[in-house]
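Next comes target12.cif, a file with mmCIF, C-alpha atoms.
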```
data_start
#
loop_
_atom_site.group_PDB
_atom_site.id
_atom_site.type_symbol
_atom_site.label_atom_id
_atom_site.label_comp_id
_atom_site.auth_asym_id
_atom_site.auth_seq_id
_atom_site.Cartn_x
_atom_site.Cartn_y
_atom_site.Cartn_z
ATOM 1 C CA MET A 124 66.526 -18.419 -43.735
ATOM 2 C CA LEU A 125 64.293 -16.186 -41.621
ATOM 3 C CA ASN A 126 65.145 -12.525 -41.159
ATOM 4 C CA CYS A 127 65.373 -10.738 -37.800
ATOM 5 C CA GLN A 128 61.857 -9.386 -37.988
ATOM 6 C CA GLU A 129 60.481 -12.896 -38.445
ATOM 7 C CA ILE A 130 62.708 -14.302 -35.727
ATOM 8 C CA ILE A 131 61.583 -11.879 -33.030
ATOM 9 C CA ARG A 132 58.003 -12.707 -33.902
ATOM 10 C CA LEU A 133 58.840 -16.381 -33.213
ATOM 11 C CA VAL A 134 60.466 -15.349 -29.937
ATOM 12 C CA SER A 135 57.193 -13.775 -28.871
ATOM 13 C CA GLU A 136 55.107 -16.722 -30.071
ATOM 14 C CA SER A 137 57.301 -19.148 -28.154
ATOM 15 C CA GLN A 138 55.735 -17.591 -25.032
ATOM 16 C CA GLU A 139 52.273 -18.378 -26.401
ATOM 17 C CA ARG A 140 52.464 -21.780 -28.080
ATOM 18 C CA PRO A 141 54.917 -24.633 -28.586
ATOM 19 C CA LEU A 142 57.031 -23.920 -31.658
ATOM 20 C CA THR A 143 57.311 -26.563 -34.380
ATOM 21 C CA LEU A 144 60.605 -28.378 -34.757
ATOM 22 C CA ARG A 145 61.339 -26.440 -37.940
ATOM 23 C CA GLU A 146 60.657 -23.137 -36.155
ATOM 24 C CA LYS A 147 62.845 -24.123 -33.220
ATOM 25 C CA ILE A 148 65.744 -24.965 -35.514
ATOM 26 C CA SER A 149 65.366 -21.697 -37.439
ATOM 27 C CA LEU A 150 65.255 -19.760 -34.200
ATOM 28 C CA ARG A 151 68.261 -21.463 -32.576
ATOM 29 C CA THR A 152 70.521 -21.244 -35.615
ATOM 30 C CA HIS A 153 69.632 -17.590 -36.181
ATOM 31 C CA VAL A 154 70.141 -16.612 -32.555
ATOM 32 C CA MET A 155 73.570 -18.293 -32.506
ATOM 33 C CA MET A 156 74.748 -15.940 -35.222
ATOM 34 C CA CYS A 157 72.814 -12.764 -34.428
ATOM 35 C CA SER A 158 73.554 -10.803 -31.264
ATOM 36 C CA GLY A 159 70.558 -8.492 -31.723
ATOM 37 C CA CYS A 160 68.052 -11.346 -31.775
ATOM 38 C CA SER A 161 69.926 -13.230 -29.068
ATOM 39 C CA ASN A 162 69.663 -10.149 -26.817
ATOM 40 C CA TYR A 163 66.035 -9.702 -27.774
ATOM 41 C CA GLU A 164 65.236 -13.259 -26.746
ATOM 42 C CA LYS A 165 66.927 -12.877 -23.356
ATOM 43 C CA ASN A 166 65.286 -9.497 -22.793
ATOM 44 C CA MET A 167 61.866 -11.014 -23.520
ATOM 45 C CA ALA A 168 62.420 -13.496 -20.703
ATOM 46 C CA SER A 169 63.323 -10.521 -18.494
ATOM 47 C CA LEU A 170 60.195 -8.667 -19.607
ATOM 48 C CA ARG A 171 58.035 -11.573 -18.515
ATOM 49 C CA LEU A 172 59.816 -11.680 -15.139
ATOM 50 C CA THR A 173 59.255 -7.952 -14.842
ATOM 51 C CA MET A 174 55.533 -8.275 -15.537
ATOM 52 C CA ARG A 175 55.257 -11.043 -12.956
ATOM 53 C CA ALA A 176 56.923 -8.827 -10.379
ATOM 54 C CA PHE A 177 54.714 -5.915 -11.421
ATOM 55 C CA ALA A 178 51.559 -8.043 -11.087
ATOM 56 C CA LYS A 179 52.663 -9.154 -7.634
ATOM 57 C CA GLY A 180 52.976 -5.536 -6.597
ATOM 58 C CA THR A 181 56.747 -5.435 -6.189
ATOM 59 C CA ASN A 182 56.629 -1.853 -7.394
ATOM 60 C CA GLU A 183 54.149 -0.853 -4.675
ATOM 61 C CA LYS A 184 56.266 -2.503 -2.011
ATOM 62 C CA ASN A 185 59.199 -0.437 -3.103
ATOM 63 C CA LYS A 186 57.196 2.774 -3.040
ATOM 64 C CA HIS A 187 56.105 2.439 0.559
ATOM 65 C CA GLU A 188 58.291 -0.140 2.232
ATOM 66 C CA PRO A 189 61.928 0.156 1.290
ATOM 67 C CA GLU A 190 62.850 -2.901 3.352
ATOM 68 C CA SER A 191 60.980 -6.127 2.746
ATOM 69 C CA ARG A 192 58.894 -7.015 5.743
ATOM 70 C CA ASP A 193 55.912 -8.574 4.048
ATOM 71 C CA LYS A 194 56.220 -11.939 5.783
ATOM 72 C CA GLY A 195 55.306 -10.363 9.128
ATOM 73 C CA MET B 183 51.696 -12.818 18.832
ATOM 74 C CA ASP B 184 48.328 -11.499 20.009
ATOM 75 C CA ALA B 185 49.675 -8.022 20.478
ATOM 76 C CA LYS B 186 51.005 -8.060 16.957
ATOM 77 C CA LYS B 187 47.718 -9.287 15.565
ATOM 78 C CA LYS B 188 45.871 -6.587 17.443
ATOM 79 C CA ARG B 189 48.234 -3.963 16.149
ATOM 80 C CA ASP B 190 47.896 -5.221 12.577
ATOM 81 C CA THR B 191 44.115 -5.198 12.821
ATOM 82 C CA LEU B 192 44.178 -1.658 14.094
ATOM 83 C CA LEU B 193 46.530 -0.623 11.348
ATOM 84 C CA ALA B 194 44.393 -2.218 8.645
ATOM 85 C CA GLU B 195 41.238 -0.654 10.009
ATOM 86 C CA THR B 196 42.850 2.729 10.176
ATOM 87 C CA THR B 197 43.934 2.325 6.584
ATOM 88 C CA LEU B 198 40.503 1.281 5.401
ATOM 89 C CA ASN B 199 38.920 4.186 7.247
ATOM 90 C CA ASP B 200 41.259 6.650 5.598
ATOM 91 C CA GLY B 201 38.885 8.173 3.079
ATOM 92 C CA VAL B 202 41.559 9.734 0.910
ATOM 93 C CA PHE B 203 43.535 6.524 0.635
ATOM 94 C CA ILE B 204 40.439 4.456 -0.177
ATOM 95 C CA GLU B 205 39.075 6.959 -2.672
ATOM 96 C CA ASP B 206 42.431 7.077 -4.412
ATOM 97 C CA LEU B 207 42.641 3.296 -4.439
ATOM 98 C CA ARG B 208 39.079 2.988 -5.721
ATOM 99 C CA ARG B 209 39.819 5.328 -8.598
ATOM 100 C CA GLN B 210 42.865 3.326 -9.608
ATOM 101 C CA MET B 211 40.898 0.086 -9.384
ATOM 102 C CA ILE B 212 38.000 1.422 -11.474
ATOM 103 C CA ARG B 213 40.382 2.731 -14.107
ATOM 104 C CA PHE B 214 42.116 -0.620 -14.303
ATOM 105 C CA ALA B 215 38.906 -2.683 -14.275
ATOM 106 C CA SER B 216 37.188 -0.456 -16.861
ATOM 107 C CA LEU B 217 40.108 -0.805 -19.196
ATOM 108 C CA GLN B 218 39.964 -4.579 -18.909
ATOM 109 C CA LEU B 219 36.200 -5.018 -19.038
ATOM 110 C CA SER B 220 35.286 -2.019 -21.204
ATOM 111 C CA ASP B 221 32.099 -1.681 -19.189
ATOM 112 C CA VAL B 222 31.876 0.809 -16.340
ATOM 113 C CA HIS B 223 29.101 -1.024 -14.511
ATOM 114 C CA LEU B 224 30.854 -4.372 -14.598
ATOM 115 C CA ALA B 225 34.022 -2.600 -13.488
ATOM 116 C CA GLU B 226 32.280 -0.911 -10.558
ATOM 117 C CA ASP B 227 30.747 -4.218 -9.474
ATOM 118 C CA ALA B 228 34.099 -5.983 -9.585
ATOM 119 C CA VAL B 229 35.770 -3.184 -7.610
ATOM 120 C CA GLN B 230 32.971 -3.148 -5.045
ATOM 121 C CA GLU B 231 33.262 -6.888 -4.499
ATOM 122 C CA ALA B 232 37.030 -6.731 -4.208
ATOM 123 C CA LEU B 233 36.821 -3.948 -1.618
ATOM 124 C CA ALA B 234 34.141 -5.763 0.342
ATOM 125 C CA GLY B 235 36.291 -8.902 0.386
ATOM 126 C CA ALA B 236 39.192 -6.841 1.641
ATOM 127 C CA LEU B 237 37.156 -5.373 4.507
ATOM 128 C CA ALA B 238 36.162 -8.856 5.616
ATOM 129 C CA SER B 239 39.698 -9.967 6.346
ATOM 130 C CA ALA B 240 41.582 -6.743 6.702
ATOM 131 C CA GLU B 241 43.447 -7.857 9.800
ATOM 132 C CA HIS B 242 45.761 -10.041 7.740
ATOM 133 C CA PHE B 243 47.289 -7.047 6.100
ATOM 134 C CA ALA B 244 49.652 -4.777 7.879
ATOM 135 C CA GLY B 245 50.476 -1.675 5.961
ATOM 136 C CA ARG B 246 49.015 0.016 2.938
ATOM 137 C CA SER B 247 51.107 -1.550 0.236
ATOM 138 C CA ALA B 248 50.386 -5.099 1.402
ATOM 139 C CA LEU B 249 46.704 -4.269 1.521
ATOM 140 C CA LYS B 250 46.751 -2.641 -1.885
ATOM 141 C CA THR B 251 48.637 -5.516 -3.466
ATOM 142 C CA TRP B 252 46.151 -7.924 -2.004
ATOM 143 C CA ILE B 253 43.067 -5.935 -3.051
ATOM 144 C CA PHE B 254 44.419 -5.769 -6.600
ATOM 145 C CA ALA B 255 45.006 -9.526 -6.525
ATOM 146 C CA ILE B 256 41.340 -10.011 -5.624
ATOM 147 C CA LEU B 257 40.308 -7.585 -8.328
ATOM 148 C CA LYS B 258 42.427 -9.435 -10.893
ATOM 149 C CA ASN B 259 40.637 -12.681 -10.043
ATOM 150 C CA LYS B 260 37.244 -11.014 -10.283
ATOM 151 C CA ILE B 261 38.097 -9.576 -13.688
ATOM 152 C CA ALA B 262 39.399 -12.945 -14.874
ATOM 153 C CA ASP B 263 36.119 -14.556 -13.768
ATOM 154 C CA VAL B 264 34.006 -11.970 -15.523
ATOM 155 C CA LEU B 265 36.057 -12.302 -18.689
ATOM 156 C CA ARG B 266 35.854 -16.081 -18.652
ATOM 157 C CA HIS B 267 32.179 -16.405 -17.858
ATOM 158 C CA LYS B 268 30.587 -13.450 -19.507
ATOM 159 C CA GLN B 269 32.533 -13.693 -22.702
ATOM 160 C CA ARG B 270 29.925 -12.258 -24.974
ATOM 161 C CA LEU B 271 29.706 -9.084 -22.951
ATOM 162 C CA VAL B 272 33.127 -8.085 -24.150
ATOM 163 C CA ASN B 273 33.165 -8.484 -27.888
ATOM 164 C CA ALA B 274 35.513 -7.542 -30.639
ATOM 165 C CA SER B 275 33.835 -4.247 -31.350
ATOM 166 C CA SER B 276 34.588 -3.119 -27.817
ATOM 167 C CA LEU B 277 38.320 -3.575 -28.273
ATOM 168 C CA PRO B 278 39.775 -0.135 -28.806
ATOM 169 C CA GLN B 279 41.036 0.535 -32.314
ATOM 170 C CA ASP B 280 44.672 1.453 -32.740
ATOM 171 C CA ASP B 281 46.039 3.699 -35.410
ATOM 172 C CA GLU B 282 47.629 1.793 -38.217
ATOM 173 C CA GLU B 283 51.109 3.005 -37.462
ATOM 174 C CA ASN B 284 52.598 -0.237 -36.289
ATOM 175 C CA GLU B 285 54.387 -1.051 -39.491
ATOM 176 C CA ASP B 286 56.046 2.350 -39.466
ATOM 177 C CA PHE B 287 57.297 1.561 -36.018
ATOM 178 C CA ALA B 288 59.032 -1.586 -37.261
ATOM 179 C CA ASP B 289 60.471 0.330 -40.229
ATOM 180 C CA LEU B 290 62.476 2.432 -37.821
ATOM 181 C CA LEU B 291 64.137 -0.636 -36.373
ATOM 182 C CA PHE B 292 64.842 -2.784 -39.409
ATOM 183 C CA ASP B 293 66.630 -2.256 -42.689
ATOM 184 C CA GLN B 294 65.319 -3.290 -46.105
ATOM 185 C CA ARG B 295 66.472 -6.861 -45.603
ATOM 186 C CA ARG B 296 64.495 -6.867 -42.357
ATOM 187 C CA HIS B 297 67.587 -7.136 -40.196
ATOM 188 C CA TRP B 298 68.279 -4.834 -37.253
ATOM 189 C CA GLN B 299 69.465 -1.366 -38.072
ATOM 190 C CA ALA B 300 72.609 -0.446 -36.160
ATOM 191 C CA ASP B 301 70.834 1.875 -33.718
ATOM 192 C CA GLY B 302 67.797 -0.371 -33.366
ATOM 193 C CA ARG B 303 69.684 -3.512 -32.373
ATOM 194 C CA PRO B 304 68.744 -4.601 -28.843
ATOM 195 C CA THR B 305 71.406 -4.609 -26.173
ATOM 196 C CA LEU B 306 71.331 -7.058 -23.296
ATOM 197 C CA TRP B 307 69.410 -5.851 -20.228
ATOM 198 C CA GLY B 308 71.272 -8.040 -17.812
ATOM 199 C CA ASN B 309 69.770 -8.931 -14.475
ATOM 200 C CA PRO B 310 66.346 -7.280 -14.212
ATOM 201 C CA GLU B 311 65.984 -8.069 -10.514
ATOM 202 C CA ALA B 312 68.541 -5.410 -9.682
ATOM 203 C CA SER B 313 66.212 -2.871 -11.264
ATOM 204 C CA PHE B 314 63.149 -4.115 -9.383
ATOM 205 C CA ARG B 315 64.552 -2.636 -6.196
ATOM 206 C CA GLN B 316 64.674 0.829 -7.703
ATOM 207 C CA GLN B 317 61.549 2.901 -7.517
ATOM 208 C CA GLN B 318 62.556 4.921 -10.562
ATOM 209 C CA PHE B 319 62.546 1.733 -12.647
ATOM 210 C CA TRP B 320 58.864 1.153 -11.913
ATOM 211 C CA HIS B 321 57.989 4.723 -12.895
ATOM 212 C CA VAL B 322 59.684 4.145 -16.237
ATOM 213 C CA PHE B 323 58.020 0.761 -16.628
ATOM 214 C CA GLU B 324 54.548 2.143 -15.966
ATOM 215 C CA ALA B 325 55.163 4.988 -18.402
ATOM 216 C CA CYS B 326 56.174 2.459 -21.081
ATOM 217 C CA LEU B 327 53.007 0.440 -20.464
ATOM 218 C CA GLU B 328 50.884 3.571 -20.702
ATOM 219 C CA ASN B 329 52.490 4.478 -24.007
ATOM 220 C CA LEU B 330 51.343 1.289 -25.704
ATOM 221 C CA PRO B 331 48.577 1.690 -28.292
ATOM 222 C CA ALA B 332 45.273 0.935 -26.547
ATOM 223 C CA LYS B 333 44.440 -2.370 -28.188
ATOM 224 C CA GLN B 334 47.922 -3.762 -27.641
ATOM 225 C CA ALA B 335 47.865 -2.579 -24.045
ATOM 226 C CA ARG B 336 44.553 -4.257 -23.415
ATOM 227 C CA VAL B 337 45.510 -7.732 -24.633
ATOM 228 C CA PHE B 338 49.013 -7.492 -23.215
ATOM 229 C CA MET B 339 47.637 -6.740 -19.737
ATOM 230 C CA MET B 340 45.110 -9.562 -20.064
ATOM 231 C CA ARG B 341 47.921 -11.942 -20.915
ATOM 232 C CA GLU B 342 50.723 -10.802 -18.665
ATOM 233 C CA PHE B 343 49.013 -9.042 -15.769
ATOM 234 C CA ILE B 344 45.768 -10.945 -15.305
ATOM 235 C CA GLU B 345 47.548 -14.008 -16.700
ATOM 236 C CA LEU B 346 44.673 -15.274 -18.808
ATOM 237 C CA GLU B 347 45.401 -18.057 -21.276
ATOM 238 C CA THR B 348 45.297 -17.446 -25.020
ATOM 239 C CA ASP B 349 41.938 -19.211 -25.452
ATOM 240 C CA ASP B 350 40.276 -17.101 -22.779
ATOM 241 C CA ILE B 351 41.549 -13.868 -24.301
ATOM 242 C CA CYS B 352 40.377 -14.863 -27.768
ATOM 243 C CA ALA B 353 36.962 -15.819 -26.431
ATOM 244 C CA ALA B 354 36.658 -12.610 -24.435
ATOM 245 C CA THR B 355 37.714 -10.285 -27.225
ATOM 246 C CA GLY B 356 36.535 -12.150 -30.303
ATOM 247 C CA ILE B 357 39.910 -11.991 -32.037
ATOM 248 C CA THR B 358 41.728 -14.965 -33.548
ATOM 249 C CA PRO B 359 44.836 -16.500 -31.958
ATOM 250 C CA SER B 360 47.049 -15.307 -34.797
ATOM 251 C CA ASN B 361 45.628 -11.829 -34.407
ATOM 252 C CA LEU B 362 46.343 -11.993 -30.692
ATOM 253 C CA PHE B 363 49.911 -13.176 -31.290
ATOM 254 C CA VAL B 364 50.557 -10.218 -33.573
ATOM 255 C CA LEU B 365 49.220 -7.751 -31.007
ATOM 256 C CA LEU B 366 51.237 -9.319 -28.180
ATOM 257 C CA HIS B 367 54.343 -9.341 -30.325
ATOM 258 C CA ARG B 368 53.919 -5.656 -31.194
ATOM 259 C CA ALA B 369 53.388 -4.756 -27.554
ATOM 260 C CA ARG B 370 56.526 -6.672 -26.544
ATOM 261 C CA LEU B 371 58.591 -5.056 -29.264
ATOM 262 C CA ARG B 372 57.460 -1.603 -28.155
ATOM 263 C CA LEU B 373 58.229 -2.367 -24.526
ATOM 264 C CA GLN B 374 61.636 -3.673 -25.524
ATOM 265 C CA VAL B 375 62.404 -0.401 -27.308
ATOM 266 C CA CYS B 376 60.897 1.795 -24.600
ATOM 267 C CA LEU B 377 62.674 0.109 -21.687
ATOM 268 C CA GLY B 378 65.869 -0.177 -23.697
ATOM 269 C CA ASN B 379 65.883 3.553 -24.426
ATOM 270 C CA LYS B 380 64.511 4.896 -21.201
ATOM 271 C CA TRP B 381 66.079 2.625 -18.648
ATOM 272 C CA TYR B 382 68.616 0.028 -19.653
ATOM 273 C CA SER B 383 70.720 2.304 -21.833
ATOM 274 C CA ASN B 384 71.323 5.001 -19.230
ATOM 275 C CA GLY B 385 69.177 4.542 -16.146
ATOM 276 C CA GLU B 386 70.982 1.581 -14.691
ATOM 277 C CA ARG B 387 73.898 3.283 -13.087
ATOM 278 C CA LEU B 388 73.463 1.793 -9.657
ATOM 279 C CA CYS B 389 74.528 -1.813 -9.032
#
```
Represent the structure from my file as structure tokens, please.
Amino acid sequence: MLNCQEIIRLVSESQERPLTLREKISLRTHVMMCSGCSNYEKNMASLRLTMRAFAKGTNEKNKHEPESRDKG
Amino acid sequence: MDAKKKRDTLLAETTLNDGVFIEDLRRQMIRFASLQLSDVHLAEDAVQEALAGALASAEHFAGRSALKTWIFAILKNKIADVLRHKQRLVNASSLPQDDEENEDFADLLFDQRRHWQADGRPTLWGNPEASFRQQQFWHVFEACLENLPAKQARVFMMREFIELETDDICAATGITPSNLFVLLHRARLRLQVCLGNKWYSNGERLC
């Protein structure tokens, strides 16, 4: 049984490499029972979305152009 | 159609001739490129090329933010190229060293059995897109990024901002994949805590 600290490390690594079957099973069973890690996993997906938006300059658009008009 | 194009061209030219705006933009670009390349000369070259590319087709970009977004996109590609092709120029010794306080950081979040402490347990952020529309969110986000330890920040930005693959980052920095995974994981954990505390717990009152 992996603890929470090990599980969130797997959550991060799942964004970097395919997890092994054993790791996937450990992760899924843990997350089913643990709200903290379940939230962490969902938030990590949100963090990646946020970075994508940040890299695309969504933040700059909002600073200068409150309404989206970037398609001209 | 033509009138619009003419207007956009004029607007872009005006923007690019605005010395204060360009100087400000250049400074931001150099800071970003230097951090990624850890070499001021390489950074200046990349920034110069990105700006020159922007001047060449400025008419496509109406407005400062569109132009800035686009110039940074060019700069990102230039940096990615440099990192991929001149790998040996950026070696492990040039990665900034972080203080060894990362384990202490985790100790604050987990109990002795390595499960979440009550006040460290993450709460669900919900729909992040609602936050993207709020300018204050991006201020908080940038502050959280700037608070990362330097080495973590560097590899995290390579991975998530420049969107380099693991192999490229390892080659460019001279660290091993498992080392990289640890750094990325620590950066993500810190961002989770920072955003959780500074935004999602009390900042999200709208929507």
Residues of chain B within 7 Å of chain A, using all atoms listed in the file, as an mmCIF file with C-alpha atoms, in the coordinates of the input?
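Okay, out_3.cif is ready:
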```cif
data_model
loop_
_atom_site.group_PDB
_atom_site.id
_atom_site.type_symbol
_atom_site.label_atom_id
_atom_site.label_comp_id
_atom_site.auth_asym_id
_atom_site.auth_seq_id
_atom_site.Cartn_x
_atom_site.Cartn_y
_atom_site.Cartn_z
ATOM 1 C CA SER B 247 51.107 -1.550 0.236
ATOM 2 C CA THR B 251 48.637 -5.516 -3.466
ATOM 3 C CA ARG B 296 64.495 -6.867 -42.357
ATOM 4 C CA HIS B 297 67.587 -7.136 -40.196
ATOM 5 C CA TRP B 298 68.279 -4.834 -37.253
ATOM 6 C CA ARG B 303 69.684 -3.512 -32.373
ATOM 7 C CA PRO B 304 68.744 -4.601 -28.843
ATOM 8 C CA THR B 305 71.406 -4.609 -26.173
ATOM 9 C CA LEU B 306 71.331 -7.058 -23.296
ATOM 10 C CA TRP B 307 69.410 -5.851 -20.228
ATOM 11 C CA PRO B 310 66.346 -7.280 -14.212
ATOM 12 C CA ARG B 315 64.552 -2.636 -6.196
ATOM 13 C CA GLN B 317 61.549 2.901 -7.517
ATOM 14 C CA TRP B 320 58.864 1.153 -11.913
ATOM 15 C CA GLU B 342 50.723 -10.802 -18.665
ATOM 16 C CA PHE B 343 49.013 -9.042 -15.769
ATOM 17 C CA PHE B 363 49.911 -13.176 -31.290
ATOM 18 C CA HIS B 367 54.343 -9.341 -30.325
#
```
_Going by the chain IDs and residue numbers used in this file, which residues fall under the PyMOL selection byres ((chain B and resi 218-222) around 9)? Write them as a list in words._
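Written out, the selection comes to Ile212, Arg213, Phe214, Ala215, Ser216, Leu217, His223, Leu224, Ala225, Glu226, Asp227, Ile261, Val264, Leu265, Leu271, Val272, Ser276, Leu277, Arg336, Val337, Met339 and Met340 of chain B.
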Would you translate the PyMOL selection byres ((chain B and resi 369) around 7) into the concrete set of residues it matches in this file, as a short mmCIF file (atom, residue, chain, number, x, y, z; two decimals) with C-alpha atoms, keeping the file's coordinate frame?
```
data_model
loop_
_atom_site.label_atom_id
_atom_site.label_comp_id
_atom_site.auth_asym_id
_atom_site.auth_seq_id
_atom_site.Cartn_x
_atom_site.Cartn_y
_atom_site.Cartn_z
CA LEU B 330 51.34 1.29 -25.70
CA GLN B 334 47.92 -3.76 -27.64
CA ALA B 335 47.86 -2.58 -24.04
CA PHE B 338 49.01 -7.49 -23.22
CA LEU B 365 49.22 -7.75 -31.01
CA LEU B 366 51.24 -9.32 -28.18
CA HIS B 367 54.34 -9.34 -30.32
CA ARG B 368 53.92 -5.66 -31.19
CA ARG B 370 56.53 -6.67 -26.54
CA LEU B 371 58.59 -5.06 -29.26
CA ARG B 372 57.46 -1.60 -28.16
CA LEU B 373 58.23 -2.37 -24.53
#
```
Give me the residues within 9 Å of B:Lys380 as a PDB file with C-alpha atoms, in the coordinates of the input, counting only C-alpha atoms and dropping any in the same chain fewer than 5 places off.
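What ended up in part37.pdb:
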```pdb
ATOM      1  CA  VAL B 322      59.684   4.145 -16.237  1.00  0.00           C
ATOM      2  CA  PHE B 323      58.020   0.761 -16.628  1.00  0.00           C
ATOM      3  CA  CYS B 326      56.174   2.459 -21.081  1.00  0.00           C
ATOM      4  CA  VAL B 375      62.404  -0.401 -27.308  1.00  0.00           C
ATOM      5  CA  GLY B 385      69.177   4.542 -16.146  1.00  0.00           C
TER       6      GLY B 385
END
```
*Please measure the separation of atom CA of B:Phe203 and atom CA of B:Ile253, giving the value in Å to one decimal.*
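According to the coordinates, atom CA of B:Phe203 and atom CA of B:Ile253 are separated by 13.0 Å.
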_So the first atom is atom CA of B:Lys260 and the second is atom CA of B:Ala232; what is the distance between them in Å, to one decimal place?_
7.4 Å
Surrounding residues of B:Ala300 excluding itself and chain neighbours under 5 positions, 10 Å, all atoms listed in the file, as a CSV table (one decimal) with C-alpha atoms, in the coordinates of the input:
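As a result, result-v8.csv now contains:
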```csv
chain,number,residue,atom,x,y,z
A,159,GLY,CA,70.6,-8.5,-31.7
B,291,LEU,CA,64.1,-0.6,-36.4
B,292,PHE,CA,64.8,-2.8,-39.4
B,293,ASP,CA,66.6,-2.3,-42.7
```
_Residues near B:Ile351, anyone? I mean within 10 Å using only C-alpha atoms, not counting same-chain ones fewer than 2 positions away, as a list in words._
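Here the qualifying residues turn out to be Ala262, Leu265, Arg266, Gln269, Val337, Phe338, Met340, Arg341, Glu345, Leu346, Glu347, Thr348, Asp349, Ala353, Ala354, Thr355, Gly356, Ile357, Thr358, Pro359 and Leu362 of chain B.
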*How many Å separate atom CA of B:Gln230 from atom CA of B:Leu249?*
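Separating atom CA of B:Gln230 from atom CA of B:Leu249 is a distance of 15.3 Å.
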Output: stretch 171-176 of chain A of the preceding structure, restricted to all heavy atoms, written as a PDB file, in the first residue's frame.
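Output file part_35.pdb follows:
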```pdb
ATOM      1  N   ARG A 171      -1.996  21.908 -15.294  1.00  0.00           N
ATOM      2  CA  ARG A 171      -1.455  21.810 -16.650  1.00  0.00           C
ATOM      3  C   ARG A 171      -2.259  22.688 -17.616  1.00  0.00           C
ATOM      4  O   ARG A 171      -1.695  23.403 -18.428  1.00  0.00           O
ATOM      5  CB  ARG A 171      -1.459  20.347 -17.112  1.00  0.00           C
ATOM      6  CG  ARG A 171      -0.813  20.190 -18.470  1.00  0.00           C
ATOM      7  CD  ARG A 171      -0.238  18.825 -18.696  1.00  0.00           C
ATOM      8  NE  ARG A 171       1.198  18.796 -18.474  1.00  0.00           N
ATOM      9  CZ  ARG A 171       1.973  17.756 -18.794  1.00  0.00           C
ATOM     10  NH1 ARG A 171       1.439  16.684 -19.302  1.00  0.00           N
ATOM     11  NH2 ARG A 171       3.253  17.805 -18.574  1.00  0.00           N
ATOM     12  N   LEU A 172      -3.584  22.658 -17.477  1.00  0.00           N
ATOM     13  CA  LEU A 172      -4.441  23.538 -18.288  1.00  0.00           C
ATOM     14  C   LEU A 172      -4.064  25.000 -18.081  1.00  0.00           C
ATOM     15  O   LEU A 172      -3.997  25.787 -19.023  1.00  0.00           O
ATOM     16  CB  LEU A 172      -5.903  23.388 -17.842  1.00  0.00           C
ATOM     17  CG  LEU A 172      -6.822  22.428 -18.548  1.00  0.00           C
ATOM     18  CD1 LEU A 172      -8.220  22.536 -17.941  1.00  0.00           C
ATOM     19  CD2 LEU A 172      -6.885  22.762 -20.034  1.00  0.00           C
ATOM     20  N   THR A 173      -3.804  25.335 -16.820  1.00  0.00           N
ATOM     21  CA  THR A 173      -3.461  26.713 -16.482  1.00  0.00           C
ATOM     22  C   THR A 173      -2.149  27.119 -17.145  1.00  0.00           C
ATOM     23  O   THR A 173      -2.036  28.209 -17.715  1.00  0.00           O
ATOM     24  CB  THR A 173      -3.348  26.884 -14.951  1.00  0.00           C
ATOM     25  OG1 THR A 173      -4.552  26.407 -14.353  1.00  0.00           O
ATOM     26  CG2 THR A 173      -3.142  28.333 -14.574  1.00  0.00           C
ATOM     27  N   MET A 174      -1.160  26.227 -17.106  1.00  0.00           N
ATOM     28  CA  MET A 174       0.120  26.537 -17.738  1.00  0.00           C
ATOM     29  C   MET A 174      -0.030  26.679 -19.248  1.00  0.00           C
ATOM     30  O   MET A 174       0.618  27.519 -19.859  1.00  0.00           O
ATOM     31  CB  MET A 174       1.156  25.440 -17.433  1.00  0.00           C
ATOM     32  CG  MET A 174       1.916  25.610 -16.143  1.00  0.00           C
ATOM     33  SD  MET A 174       2.656  27.251 -15.877  1.00  0.00           S
ATOM     34  CE  MET A 174       4.035  27.233 -17.039  1.00  0.00           C
ATOM     35  N   ARG A 175      -0.892  25.856 -19.837  1.00  0.00           N
ATOM     36  CA  ARG A 175      -1.115  25.973 -21.282  1.00  0.00           C
ATOM     37  C   ARG A 175      -1.705  27.340 -21.611  1.00  0.00           C
ATOM     38  O   ARG A 175      -1.298  27.999 -22.565  1.00  0.00           O
ATOM     39  CB  ARG A 175      -2.075  24.879 -21.774  1.00  0.00           C
ATOM     40  CG  ARG A 175      -1.512  23.484 -21.723  1.00  0.00           C
ATOM     41  CD  ARG A 175      -0.666  23.142 -22.946  1.00  0.00           C
ATOM     42  NE  ARG A 175       0.474  22.312 -22.572  1.00  0.00           N
ATOM     43  CZ  ARG A 175       0.446  20.988 -22.519  1.00  0.00           C
ATOM     44  NH1 ARG A 175      -0.652  20.331 -22.822  1.00  0.00           N
ATOM     45  NH2 ARG A 175       1.531  20.315 -22.166  1.00  0.00           N
ATOM     46  N   ALA A 176      -2.675  27.745 -20.808  1.00  0.00           N
ATOM     47  CA  ALA A 176      -3.304  29.049 -21.025  1.00  0.00           C
ATOM     48  C   ALA A 176      -2.287  30.167 -20.810  1.00  0.00           C
ATOM     49  O   ALA A 176      -2.237  31.146 -21.557  1.00  0.00           O
ATOM     50  CB  ALA A 176      -4.497  29.223 -20.076  1.00  0.00           C
TER      51      ALA A 176
END
```
